[in-house]
Each structure stands twice: as structure tokens, then as C-alpha cells.
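Novice: Provided herewith: my_file.tsv, TSV, C-alpha atoms.
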chain	number	residue	atom	x	y	z
A	1	ASP	CA	-0.43	-53.29	-56.62
A	2	ALA	CA	1.07	-51.71	-53.50
A	3	GLY	CA	4.59	-52.17	-54.78
A	4	VAL	CA	7.45	-53.72	-52.82
A	5	ILE	CA	6.76	-53.40	-49.12
A	6	GLN	CA	9.54	-53.28	-46.56
A	7	SER	CA	9.37	-53.15	-42.80
A	8	PRO	CA	10.33	-51.58	-40.56
A	9	ARG	CA	11.11	-48.20	-42.16
A	10	HIS	CA	13.54	-47.34	-39.40
A	11	GLU	CA	15.33	-49.53	-36.90
A	12	VAL	CA	17.64	-48.45	-34.10
A	13	THR	CA	19.28	-51.22	-32.16
A	14	GLU	CA	22.17	-51.80	-29.82
A	15	MET	CA	25.33	-53.55	-30.88
A	16	GLY	CA	25.04	-57.30	-30.43
A	17	GLN	CA	21.29	-57.47	-30.89
A	18	GLU	CA	19.57	-59.45	-33.64
A	19	VAL	CA	17.90	-57.46	-36.40
A	20	THR	CA	15.33	-58.80	-38.87
A	21	LEU	CA	14.32	-56.87	-41.96
A	22	ARG	CA	11.25	-57.90	-43.94
A	23	CYS	CA	10.19	-57.64	-47.56
A	24	LYS	CA	7.05	-58.42	-49.51
A	25	PRO	CA	7.72	-58.43	-53.28
A	26	ILE	CA	5.25	-57.57	-56.02
A	27	SER	CA	2.95	-60.47	-56.75
A	28	GLY	CA	4.11	-62.38	-59.82
A	29	HIS	CA	7.70	-61.20	-59.66
A	30	ASP	CA	9.99	-64.20	-59.53
A	31	TYR	CA	13.20	-62.38	-58.63
A	32	LEU	CA	13.93	-60.78	-55.26
A	33	PHE	CA	17.06	-58.79	-54.43
A	34	TRP	CA	18.51	-57.38	-51.20
A	35	TYR	CA	20.78	-54.31	-51.55
A	36	ARG	CA	22.62	-52.21	-49.00
A	37	GLN	CA	23.39	-48.52	-49.51
A	38	THR	CA	26.10	-46.59	-47.67
A	39	MET	CA	27.90	-43.35	-48.44
A	40	MET	CA	31.23	-45.13	-48.70
A	41	ARG	CA	30.25	-48.13	-50.83
A	42	GLY	CA	27.13	-47.01	-52.68
A	43	LEU	CA	24.54	-49.62	-53.61
A	44	GLU	CA	25.78	-53.17	-53.09
A	45	LEU	CA	23.93	-56.36	-53.95
A	46	LEU	CA	23.88	-58.69	-50.95
A	47	ILE	CA	21.86	-61.66	-52.22
A	48	TYR	CA	19.18	-62.51	-54.74
A	49	PHE	CA	16.53	-65.20	-55.12
A	50	ASN	CA	14.84	-66.68	-58.16
A	51	ASN	CA	11.59	-68.57	-57.52
A	52	ASN	CA	12.35	-68.48	-53.77
A	53	VAL	CA	15.76	-70.13	-54.23
A	54	PRO	CA	18.93	-68.23	-53.28
A	55	ILE	CA	21.03	-67.90	-56.43
A	56	ASP	CA	23.96	-65.71	-55.47
A	57	ASP	CA	24.91	-64.70	-51.93
A	58	SER	CA	28.45	-63.65	-52.72
A	59	GLY	CA	27.68	-60.10	-51.61
A	60	MET	CA	26.71	-61.08	-48.07
A	61	PRO	CA	29.45	-59.47	-46.00
A	62	GLU	CA	29.92	-62.22	-43.44
A	63	ASP	CA	28.29	-65.06	-41.56
A	64	ARG	CA	26.42	-62.66	-39.34
A	65	PHE	CA	24.13	-61.99	-42.31
A	66	SER	CA	21.51	-64.49	-43.48
A	67	ALA	CA	18.50	-64.27	-45.79
A	68	LYS	CA	15.52	-66.49	-46.40
A	69	MET	CA	12.57	-66.60	-48.75
A	70	PRO	CA	10.13	-69.19	-47.37
A	71	ASN	CA	7.50	-68.39	-50.02
A	72	ALA	CA	6.90	-66.17	-53.04
A	73	SER	CA	5.46	-63.34	-51.00
A	74	PHE	CA	7.94	-62.92	-48.18
A	75	SER	CA	11.66	-62.59	-47.53
A	76	THR	CA	13.77	-61.73	-44.49
A	77	LEU	CA	17.29	-60.45	-44.02
A	78	LYS	CA	18.72	-61.14	-40.59
A	79	ILE	CA	21.82	-59.75	-38.91
A	80	GLN	CA	23.01	-61.53	-35.77
A	81	PRO	CA	24.84	-60.10	-33.92
A	82	SER	CA	24.59	-56.57	-35.30
A	83	GLU	CA	27.57	-54.18	-35.31
A	84	PRO	CA	27.79	-50.39	-35.79
A	85	ARG	CA	29.34	-50.87	-39.25
A	86	ASP	CA	26.11	-52.54	-40.37
A	87	SER	CA	24.38	-49.16	-40.18
A	88	ALA	CA	23.01	-48.46	-43.67
A	89	VAL	CA	19.83	-48.34	-45.71
A	90	TYR	CA	18.75	-51.80	-46.78
A	91	PHE	CA	16.63	-52.07	-49.91
A	92	CYS	CA	14.60	-54.93	-51.24
A	93	ALA	CA	13.69	-55.06	-54.94
A	94	SER	CA	11.68	-57.44	-57.09
A	95	SER	CA	11.57	-58.10	-60.82
A	96	GLN	CA	10.16	-60.32	-63.53
A	97	GLY	CA	13.61	-60.33	-65.14
A	98	THR	CA	13.64	-56.85	-66.66
A	99	GLY	CA	12.85	-53.65	-64.77
A	100	TYR	CA	13.38	-53.62	-61.01
A	101	THR	CA	10.94	-52.15	-58.49
A	102	PHE	CA	12.49	-51.09	-55.18
A	103	GLY	CA	10.89	-50.85	-51.79
A	104	SER	CA	11.22	-47.74	-49.64
A	105	GLY	CA	14.11	-49.22	-47.69
A	106	THR	CA	14.88	-49.82	-44.04
A	107	ARG	CA	17.24	-47.35	-42.38
A	108	LEU	CA	19.22	-49.35	-39.83
A	109	THR	CA	21.23	-47.67	-37.11
A	110	VAL	CA	23.32	-49.82	-34.78
A	111	VAL	CA	24.59	-47.96	-31.73
B	1	GLY	CA	33.56	-57.95	-62.85
B	2	ILE	CA	31.90	-55.33	-64.99
B	3	GLN	CA	32.72	-51.68	-64.30
B	4	VAL	CA	30.12	-48.92	-64.48
B	5	GLU	CA	31.20	-45.30	-64.67
B	6	GLN	CA	28.86	-42.35	-64.58
B	7	SER	CA	29.55	-38.74	-65.45
B	8	PRO	CA	29.44	-36.06	-64.37
B	9	PRO	CA	29.46	-36.91	-60.65
B	10	ASP	CA	27.68	-33.65	-59.82
B	11	LEU	CA	25.50	-31.33	-61.86
B	12	ILE	CA	23.88	-28.04	-60.90
B	13	LEU	CA	21.20	-26.57	-63.13
B	14	GLN	CA	18.74	-23.75	-63.18
B	15	GLU	CA	15.13	-24.68	-63.76
B	16	GLY	CA	14.36	-24.98	-67.45
B	17	ALA	CA	17.82	-26.11	-68.51
B	18	ASN	CA	18.55	-29.35	-70.37
B	19	SER	CA	21.14	-31.92	-69.34
B	20	THR	CA	22.77	-35.15	-70.47
B	21	LEU	CA	24.02	-37.81	-68.08
B	22	ARG	CA	26.37	-40.51	-69.30
B	23	CYS	CA	26.96	-44.14	-68.29
B	24	ASN	CA	29.92	-46.15	-69.60
B	25	PHE	CA	30.26	-49.86	-68.97
B	26	SER	CA	33.20	-52.16	-69.50
B	27	ASP	CA	31.58	-55.24	-71.05
B	28	SER	CA	28.53	-56.36	-73.01
B	29	VAL	CA	25.30	-56.34	-71.01
B	30	ASN	CA	21.89	-57.97	-71.08
B	31	ASN	CA	20.20	-55.43	-68.89
B	32	LEU	CA	20.64	-51.70	-68.37
B	33	GLN	CA	18.40	-49.58	-66.21
B	34	TRP	CA	18.29	-45.94	-65.14
B	35	PHE	CA	17.01	-45.02	-61.68
B	36	HIS	CA	16.27	-41.78	-59.88
B	37	GLN	CA	16.79	-41.62	-56.13
B	38	ASN	CA	14.81	-38.70	-54.81
B	39	PRO	CA	15.85	-36.60	-51.80
B	40	TRP	CA	13.73	-38.85	-49.56
B	41	GLY	CA	15.74	-41.89	-50.62
B	42	GLN	CA	13.17	-43.63	-52.80
B	43	LEU	CA	14.61	-45.40	-55.86
B	44	ILE	CA	12.40	-45.04	-58.92
B	45	ASN	CA	12.94	-47.03	-62.10
B	46	LEU	CA	13.05	-44.64	-65.06
B	47	PHE	CA	13.99	-46.90	-67.97
B	48	TYR	CA	14.80	-50.48	-68.79
B	49	ILE	CA	16.95	-49.92	-71.87
B	50	PRO	CA	19.58	-52.51	-72.83
B	51	SER	CA	19.60	-51.00	-76.33
B	52	GLY	CA	17.85	-48.40	-78.42
B	53	THR	CA	15.99	-45.25	-77.41
B	54	LYS	CA	13.01	-44.63	-75.16
B	55	GLN	CA	11.17	-41.52	-74.09
B	56	ASN	CA	8.93	-40.78	-71.14
B	57	GLY	CA	7.77	-37.18	-70.94
B	58	ARG	CA	10.73	-34.88	-70.41
B	59	LEU	CA	13.10	-37.81	-69.99
B	60	SER	CA	14.63	-39.93	-72.69
B	61	ALA	CA	17.40	-42.49	-72.79
B	62	THR	CA	19.60	-44.00	-75.46
B	63	THR	CA	21.84	-47.04	-75.15
B	64	VAL	CA	24.47	-47.87	-77.77
B	65	ALA	CA	25.33	-51.38	-76.67
B	66	THR	CA	28.06	-51.92	-79.27
B	67	GLU	CA	29.93	-48.89	-77.92
B	68	ARG	CA	29.11	-49.65	-74.29
B	69	TYR	CA	27.44	-46.46	-73.19
B	70	SER	CA	24.06	-45.06	-72.34
B	71	LEU	CA	22.79	-41.49	-72.12
B	72	LEU	CA	19.95	-40.05	-70.08
B	73	TYR	CA	18.51	-36.75	-71.31
B	74	ILE	CA	16.53	-34.44	-69.07
B	75	SER	CA	14.81	-31.57	-70.84
B	76	SER	CA	13.29	-28.45	-69.26
B	77	SER	CA	14.51	-29.52	-65.82
B	78	GLN	CA	12.37	-28.91	-62.75
B	79	THR	CA	13.25	-28.75	-59.07
B	80	THR	CA	11.54	-32.11	-58.62
B	81	ASP	CA	14.20	-33.66	-60.88
B	82	SER	CA	16.77	-33.14	-58.12
B	83	GLY	CA	18.34	-36.25	-56.63
B	84	VAL	CA	20.81	-38.91	-57.69
B	85	TYR	CA	20.58	-40.70	-61.03
B	86	PHE	CA	21.96	-44.22	-61.17
B	87	CYS	CA	22.79	-46.41	-64.11
B	88	ALA	CA	22.83	-50.16	-63.42
B	89	VAL	CA	23.86	-53.05	-65.65
B	90	ASP	CA	24.25	-56.80	-65.59
B	91	GLU	CA	26.75	-58.89	-67.53
B	92	ASN	CA	24.83	-61.98	-68.56
B	93	THR	CA	23.72	-62.68	-65.00
B	94	ASP	CA	20.52	-61.76	-63.21
B	95	LYS	CA	22.09	-59.22	-60.87
B	96	LEU	CA	22.38	-55.49	-61.45
B	97	ILE	CA	25.60	-53.66	-60.64
B	98	PHE	CA	25.10	-49.98	-59.89
B	99	GLY	CA	27.29	-47.06	-60.87
B	100	THR	CA	28.23	-44.37	-58.37
B	101	GLY	CA	25.56	-42.01	-59.65
B	102	THR	CA	25.21	-38.41	-60.82
B	103	ARG	CA	23.95	-35.99	-58.18
B	104	LEU	CA	21.66	-33.39	-59.80
B	105	GLN	CA	20.53	-30.20	-58.13
B	106	VAL	CA	17.98	-28.02	-59.90
B	107	PHE	CA	17.45	-24.51	-58.54
B	108	PRO	CA	14.48	-22.27	-59.28
For the file at hand, write its structure as C-alpha cells.
Specialist:
Amino acid sequence: DAGVIQSPRHEVTEMGQEVTLRCKPISGHDYLFWYRQTMMRGLELLIYFNNNVPIDDSGMPEDRFSAKMPNASFSTLKIQPSEPRDSAVYFCASSQGTGYTFGSGTRLTVV
Amino acid sequence: GIQVEQSPPDLILQEGANSTLRCNFSDSVNNLQWFHQNPWGQLINLFYIPSGTKQNGRLSATTVATERYSLLYISSSQTTDSGVYFCAVDENTDKLIFGTGTRLQVFP
């Protein structure tokens, strides 16, 4: 298996633009998680899905953030409009309920 | 919510030395994992260990769930062990809460 695949690896965008981050989980994993990592706040859980259904989105910072999982092999995290304080590394992880496997992350810079 | 504390926050070692990293958590947990974030940012799962002891090469981990702590042992450290070690737990939910990490630097 190729592991959890995230794209793009790096994204630089201007304030106010829409940003879409993508994730392909490991086949057979029924949990998918989106995390954000910053120096100030560490690793924060934004939202997670079980069997493609959003279970807990209490970590989503505000309405500008949305996430979808239309099928078992694909998820997106969208920020619209983006702001400089959204700059961070965004990780996707998948699991069968025990050990997590993380993707390589997307480094987002909003200027 | 559950609190996760890791110690020490920073650790500097010479190659070949042994070390112990500690994770304390404030409530009972269903899931405890140790991760290594390498200098390139990749998060690697080291152990899934809600209780008991596991070993993988030079690394081993022990979780004493009744006393709410876990230990990660690194023996004969190598420069490639450098990075940040995270402990993460859940409290009867499906979501992991991460500690603030221990930053390890191993020098030749």
C-alpha cells in the first residue's frame, strides 16, 4: 500500500483565495482524520470521519473551514476565504480504529 | 477534556546513549500511541500501546494504564532518532489528543 496520500505537498496562496487540500486514505481504513500543526498550538484535530460520515467537527476553527468525504477513498478540506493565520501544516491520517497512519502533510502558506 | 503532558520537553544526547521519555495523562484511555516526527516533518507511528509493554528494535514502550502514564525507551541512540516524539491518547472516543512532544537531538 502507498500509505496515506496528500496533495498538494506545498501550497502558497493569497489571502481571500479558496484552498482545497486532498487526502486519499489507506484502503480498508474506516476512520479518516484531519489535523493541523502550528508552532503555537501543536497538533490539533479539526474533524474526523467514520465510514465516510463526519463524526466530530468541533475542532474546525470557523465556518471558513469545511471538509467532505464523498467516498471511502477520498476526502477534501476546504478553506474559503483563506487568511494568513491559516498558515500551517495540515495532516490527514487514517486508521482501522487502532494505530494511525499519517500522510506527509500539506504545508499551506497564506500571504 | 483529557490532558496529556510529556517530559522532558527537550533532550540532547550523544550517540550511543539511552533515554526515557515520559507521558502522563489525566484520565483513563482506550488508545495510546507514540509517534516520531522526523526533521522533514513526517509523522511515523511507533507504537499502539494502551497497556502493557512492546518492543521494536532499539525502541520499547510501557504503559501503566492504572497509574496513567507511558514510557518510551530509546537504547543506543543514533542521529537518525532525532526529531520530536509525541504521545497521543483518546478518552473513550475515537479521536487522539496529542501532547506537546519531546524534542530529541542526538549528536555524533
Novice: I need the chain A residues near chain B as number ranges by chain; criterion: at most 7 Å, counting all atoms listed in the file.
Specialist: A: 42-43, 98-102, 104
Novice: Please determine an axis-aligned box that encloses all atoms of region 21-24 of chain B listed in the file, with 5 Å added on each side, and express its centre and edge lengths in Å to one decimal as lines of an AutoDock Vina configuration file.
Specialist:
center_x = 27.0
center_y = -42.0
center_z = -68.8
size_x = 15.9
size_y = 18.3
size_z = 11.5
Novice: Please identify all polymer residues within 10 Å of Asp63 (chain A), counting only C-alpha atoms, omitting same-chain residues fewer than 6 positions from it, and present them as a PyMOL selection string.
Specialist: chain A and resi 79-81
Novice: Write out as a count of residues only which residues come within 9 Å of region 19-21 of chain A when counting all atoms listed in the file, dropping same-chain ones fewer than 3 positions away.
Specialist: 16
Novice: List every protein, DNA or RNA residue with an atom no more than 9 Å from (20.3, -37.8, -68.5) in the file's coordinates, counting only C-alpha atoms, and format the result as a list of chain:residue names.
Specialist: B:Asn18, B:Ser19, B:Thr20, B:Leu21, B:Arg22, B:Leu59, B:Ser60, B:Ala61, B:Leu71, B:Leu72, B:Tyr73, B:Ile74, B:Ser75, B:Tyr85
